[in-house]
Amino acid sequence: MSDTDRRSFLKHTGALGAAAAITSTLSACSSGPESTSDTGGGKGGDSLTAVIGYGNDGSWDPTMTASAFAMAGNEHIYEGLLGTDPISREPYPALATALPADPKATTWKFQLRAGAKWHDGKPVTADDVVFVFERILDPKTATLAKGFFESWLKGVKKVDAQNVELQLKFPFPDGVARLTLAKIMPKHVFSKPGAWDEATKGKAVGSGPYRQTAHHPKSNTTFEAFTDYNGPRRAAFKKMNWLTIVEAAPRVAKISGGSAEAEISDNIPYANIEQLKKGGLTVEGGAGMNNLFLLFQTKHKPFDDVRVRQALHYAIDTEKMIEIALRGHGKASTSFLNEGNPTYRPAKTVYAYDPEKAKKLLKAAGVSGLKINLMAVNVSWISDCLPTIKEGWDKIGVETTLDSQETTAVFTKLDQKKDFQVVAAASNPNQFGIDADLIMHYNYGPENIWMGYARWAETATAKHLFKLMDQATKEPDATKKKQMIQDYIDIVAEEAVLYPVVHNELMTAWDPKKITGVRAQPYPGINLLQAKRA
């Protein structure tokens, strides 16, 4: 994966987008419209305006993107063989007509939906399915999606024009829900020279209920109901206009008051919740894997010593952070996983606030007079949490300097292997799913981006951890697999190389007098596939 792809991947919600306003390193191909309130002619009940609190200038290539805006948009434009409920992640047939007959089998057969068409009118065929999976599994092509499939999926075979067969390396029932991450794309469009670059820049041609009508990376993307769509999630709105408004104040203003121009917005600041509720809006939170984490550079002494890493976690008053910075919309992390995850149990090491224990650990490690430059992304809620970290570290004798920077600057330095001590940032792998195997491999692994930043992957402990992770992936028994994941998370918690401090809610607001069927997501973006006019 190139540095540009890696930065885009990390910045846009895979790592950071769950919390923040971000500027992508990727350029885009079209200029802004004259008016972002223009959806192309839809009026009143025919159209909907939404506000997305994240940048819209990241990759729109479904095999690569981790952009909050693009991933949410792609859910309305593209389909996988299967889709998943945005909250429960229960799978349902999308382009395929049924779920696998036996999720524990090593061969899954799928028949494509009769009459399914691409947005340019051409039919969807098995060739399109094979085309996408060959790209994902191609060892010479670096895609984000590869990490979700290559460990368990051997290949995809065309049976005939309407049927395909997936061949697995071993039984992997969790893979059923992951099929939503492989958005099927038209071969006749994206096999052309330069087409993947166009996808990166915003070109989108799918088979879903909405087709993209315009893409303006700095302002908005517009959608129109696809009249030939014959699948399970039909469009409720004739036209949609999604605005990108990263700054909190104008985003809140766009959805507030009698002259509000938008009906729904994600990424609502905690400070504005009551104001919006008083104005008649519904404001709800989604609790999941969104978290503030600390990442240590383990080749930079003394952070190679696990006792130092643990001490700095014990020194953070997380309850104070939740009360002041998060206004009660968070929980202190008691595992790498959030408490609502099906695989969660408290880790054997839980970093409850204990400054005396922190001091003892530093003393045992022979560390005194430690000075730390805490490099952090300048995401608003992360910035709100930083003073509590500094206060706790200062109290145990660690002189702390807060070094808040643009997200791009932070990850450019990490990509360039610049030295650092500790990084504070946000992550939310729930964008891709809730299965613990996916979440843990997103953050830990021998070739994992994060482990490259931490310089930890070559240690004996890391190699042992990665071996346990691979064994858990291949374990066919669900109960045993759950136990194995919980056990290796104990190692992750104890080592605290990359580990969450708090898990927090993400807030969504909408006007219940105008739209219904909305559910707040525990990850960035919105899903309107089951919404409708009130």
# chains A, B, ... in the order shown; residues from 1 in each chain; ligands from 1

$ residues_around --residues "Leu295 of chain A" --least-positions-apart "6" --cutoff "10 Å" --atoms "only C-alpha atoms" --output "list in words"
Arg309, Leu374, Met375, Phe420, Gln421, Val422, Val423, Ala424, Ala425, Trp450, Met451, Tyr453, Ala454, Ala496, Val497, Leu498, Tyr499 and Pro500 of chain A

$ closest_atom_pairs --of "segment 288-371 of chain A" --to "segment 456-460 of chain A" --cutoff "8 Å" --atoms "only C-alpha atoms" --output "tab-separated table"
residue	atom	partner	partner_atom	distance
A:Gln297	CA	A:Trp456	CA	7.9
A:Thr298	CA	A:Trp456	CA	6.1
A:Lys299	CA	A:Trp456	CA	7.7

$ residues_around --residues "Glu323 of chain A" --least-positions-apart "3" --cutoff "12 Å" --atoms "only C-alpha atoms" --output "VMD selection string"
chain A and resid 270 317 to 320 326 to 332 384 to 385 388 502 504

$ write_last_selection --atoms "C-alpha atoms" --output "short mmCIF file (atom, residue, chain, number, x, y, z; two decimals), in the first residue's frame"
data_model
loop_
_atom_site.label_atom_id
_atom_site.label_comp_id
_atom_site.auth_asym_id
_atom_site.auth_seq_id
_atom_site.Cartn_x
_atom_site.Cartn_y
_atom_site.Cartn_z
CA TYR A 270 -21.80 16.64 22.68
CA ASP A 317 -8.22 9.70 35.16
CA THR A 318 -10.64 8.26 32.62
CA GLU A 319 -13.77 9.01 34.64
CA LYS A 320 -12.82 12.69 34.74
CA LEU A 326 -17.12 13.53 26.64
CA ARG A 327 -19.97 14.88 28.79
CA GLY A 328 -20.85 11.38 29.91
CA HIS A 329 -20.96 9.85 26.44
CA GLY A 330 -18.21 7.31 26.91
CA LYS A 331 -16.82 4.46 28.98
CA ALA A 332 -13.36 3.71 30.26
CA ASP A 384 -10.87 17.98 24.63
CA CYS A 385 -9.46 14.80 26.20
CA THR A 388 -6.81 15.17 31.34
CA VAL A 502 -11.92 5.37 26.37
CA ASN A 504 -17.18 6.92 23.18
#

$ residues_around --residues "segment 483-491 of chain A" --least-positions-apart "4" --cutoff "7 Å" --atoms "only C-alpha atoms" --output "list of chain:residue names"
A:Phe336, A:Arg345, A:Ala347, A:Lys348, A:Thr349, A:Leu465, A:Leu468, A:Ala472, A:Thr479, A:Glu495

$ select_by_dssp --residues "segment 138-197 of chain A" --states "helix (DSSP H, G or I)" --output "mmCIF file with N, CA and C atoms, in the first residue's frame"
data_model
loop_
_atom_site.group_PDB
_atom_site.id
_atom_site.type_symbol
_atom_site.label_atom_id
_atom_site.label_comp_id
_atom_site.auth_asym_id
_atom_site.auth_seq_id
_atom_site.Cartn_x
_atom_site.Cartn_y
_atom_site.Cartn_z
ATOM 1 N N LYS A 146 -8.307 -6.432 0.866
ATOM 2 C CA LYS A 146 -7.541 -7.678 0.914
ATOM 3 C C LYS A 146 -7.397 -8.189 2.344
ATOM 4 N N GLY A 147 -7.194 -7.292 3.261
ATOM 5 C CA GLY A 147 -7.011 -7.683 4.652
ATOM 6 C C GLY A 147 -8.224 -8.335 5.282
ATOM 7 N N PHE A 148 -9.391 -8.130 4.676
ATOM 8 C CA PHE A 148 -10.607 -8.724 5.217
ATOM 9 C C PHE A 148 -10.913 -10.099 4.619
ATOM 10 N N PHE A 149 -10.165 -10.477 3.552
ATOM 11 C CA PHE A 149 -10.518 -11.703 2.824
ATOM 12 C C PHE A 149 -9.372 -12.700 2.635
ATOM 13 N N GLY A 175 -17.094 -15.021 7.694
ATOM 14 C CA GLY A 175 -16.916 -14.446 6.374
ATOM 15 C C GLY A 175 -18.225 -14.072 5.696
ATOM 16 N N VAL A 176 -19.325 -14.663 6.138
ATOM 17 C CA VAL A 176 -20.621 -14.353 5.526
ATOM 18 C C VAL A 176 -20.909 -12.855 5.646
ATOM 19 N N ALA A 177 -20.782 -12.305 6.842
ATOM 20 C CA ALA A 177 -21.042 -10.877 7.038
ATOM 21 C C ALA A 177 -20.000 -10.015 6.336
ATOM 22 N N ARG A 178 -18.794 -10.525 6.168
ATOM 23 C CA ARG A 178 -17.743 -9.730 5.529
ATOM 24 C C ARG A 178 -17.982 -9.525 4.029
ATOM 25 N N LEU A 179 -18.851 -10.331 3.444
ATOM 26 C CA LEU A 179 -19.080 -10.201 2.007
ATOM 27 C C LEU A 179 -19.662 -8.839 1.634
ATOM 28 N N THR A 180 -20.257 -8.146 2.602
ATOM 29 C CA THR A 180 -20.752 -6.799 2.314
ATOM 30 C C THR A 180 -19.614 -5.828 2.005
ATOM 31 N N LEU A 181 -18.394 -6.168 2.442
ATOM 32 C CA LEU A 181 -17.240 -5.290 2.216
ATOM 33 C C LEU A 181 -16.691 -5.423 0.804
ATOM 34 N N LYS A 187 -17.328 -4.684 -14.440
ATOM 35 C CA LYS A 187 -16.057 -4.945 -15.109
ATOM 36 C C LYS A 187 -15.894 -4.073 -16.350
ATOM 37 N N HIS A 188 -16.973 -3.864 -17.076
ATOM 38 C CA HIS A 188 -16.866 -3.095 -18.317
ATOM 39 C C HIS A 188 -16.526 -1.630 -18.067
ATOM 40 N N VAL A 189 -16.719 -1.165 -16.830
ATOM 41 C CA VAL A 189 -16.377 0.219 -16.478
ATOM 42 C C VAL A 189 -14.990 0.299 -15.867
ATOM 43 N N PHE A 190 -14.708 -0.546 -14.884
ATOM 44 C CA PHE A 190 -13.495 -0.374 -14.083
ATOM 45 C C PHE A 190 -12.313 -1.230 -14.527
ATOM 46 N N ALA A 195 -9.174 3.494 -14.824
ATOM 47 C CA ALA A 195 -10.489 3.506 -14.186
ATOM 48 C C ALA A 195 -10.410 3.470 -12.664
ATOM 49 N N TRP A 196 -9.400 2.755 -12.124
ATOM 50 C CA TRP A 196 -9.288 2.708 -10.657
ATOM 51 C C TRP A 196 -8.890 4.070 -10.109
ATOM 52 N N ASP A 197 -8.104 4.825 -10.850
ATOM 53 C CA ASP A 197 -7.796 6.191 -10.431
ATOM 54 C C ASP A 197 -9.060 7.041 -10.429
#

$ closest_residue --among "A:Lys413, A:Lys277, A:Lys359, A:Lys169" --to "His313 of chain A" --atoms "only C-alpha atoms"
A:Lys359

$ select_by_dssp --residues "segment 216-420 of chain A" --states "strand (DSSP E)" --output "PyMOL selection string"
chain A and resi 216+220-225+239-244+264-265+282-296+330-332+371-377+399-405

$ residues_around --residues "segment 391-404 of chain A" --least-positions-apart "6" --cutoff "8 Å" --atoms "only C-alpha atoms" --output "list in words"
Leu312, Ala315, Ile316, Asp317, Pro355, Glu356, Ala358, Lys359, Ser368, Gly369, Leu370, Lys371, Ile372, Asn373, Leu374, Met375, Ala376, Val377, Asn378 and Ser383 of chain A

$ closest_residue --among "A:Arg455, A:Gln405, A:Pro476, A:His215" --to "Thr106 of chain A" --atoms "only C-alpha atoms"
A:Pro476
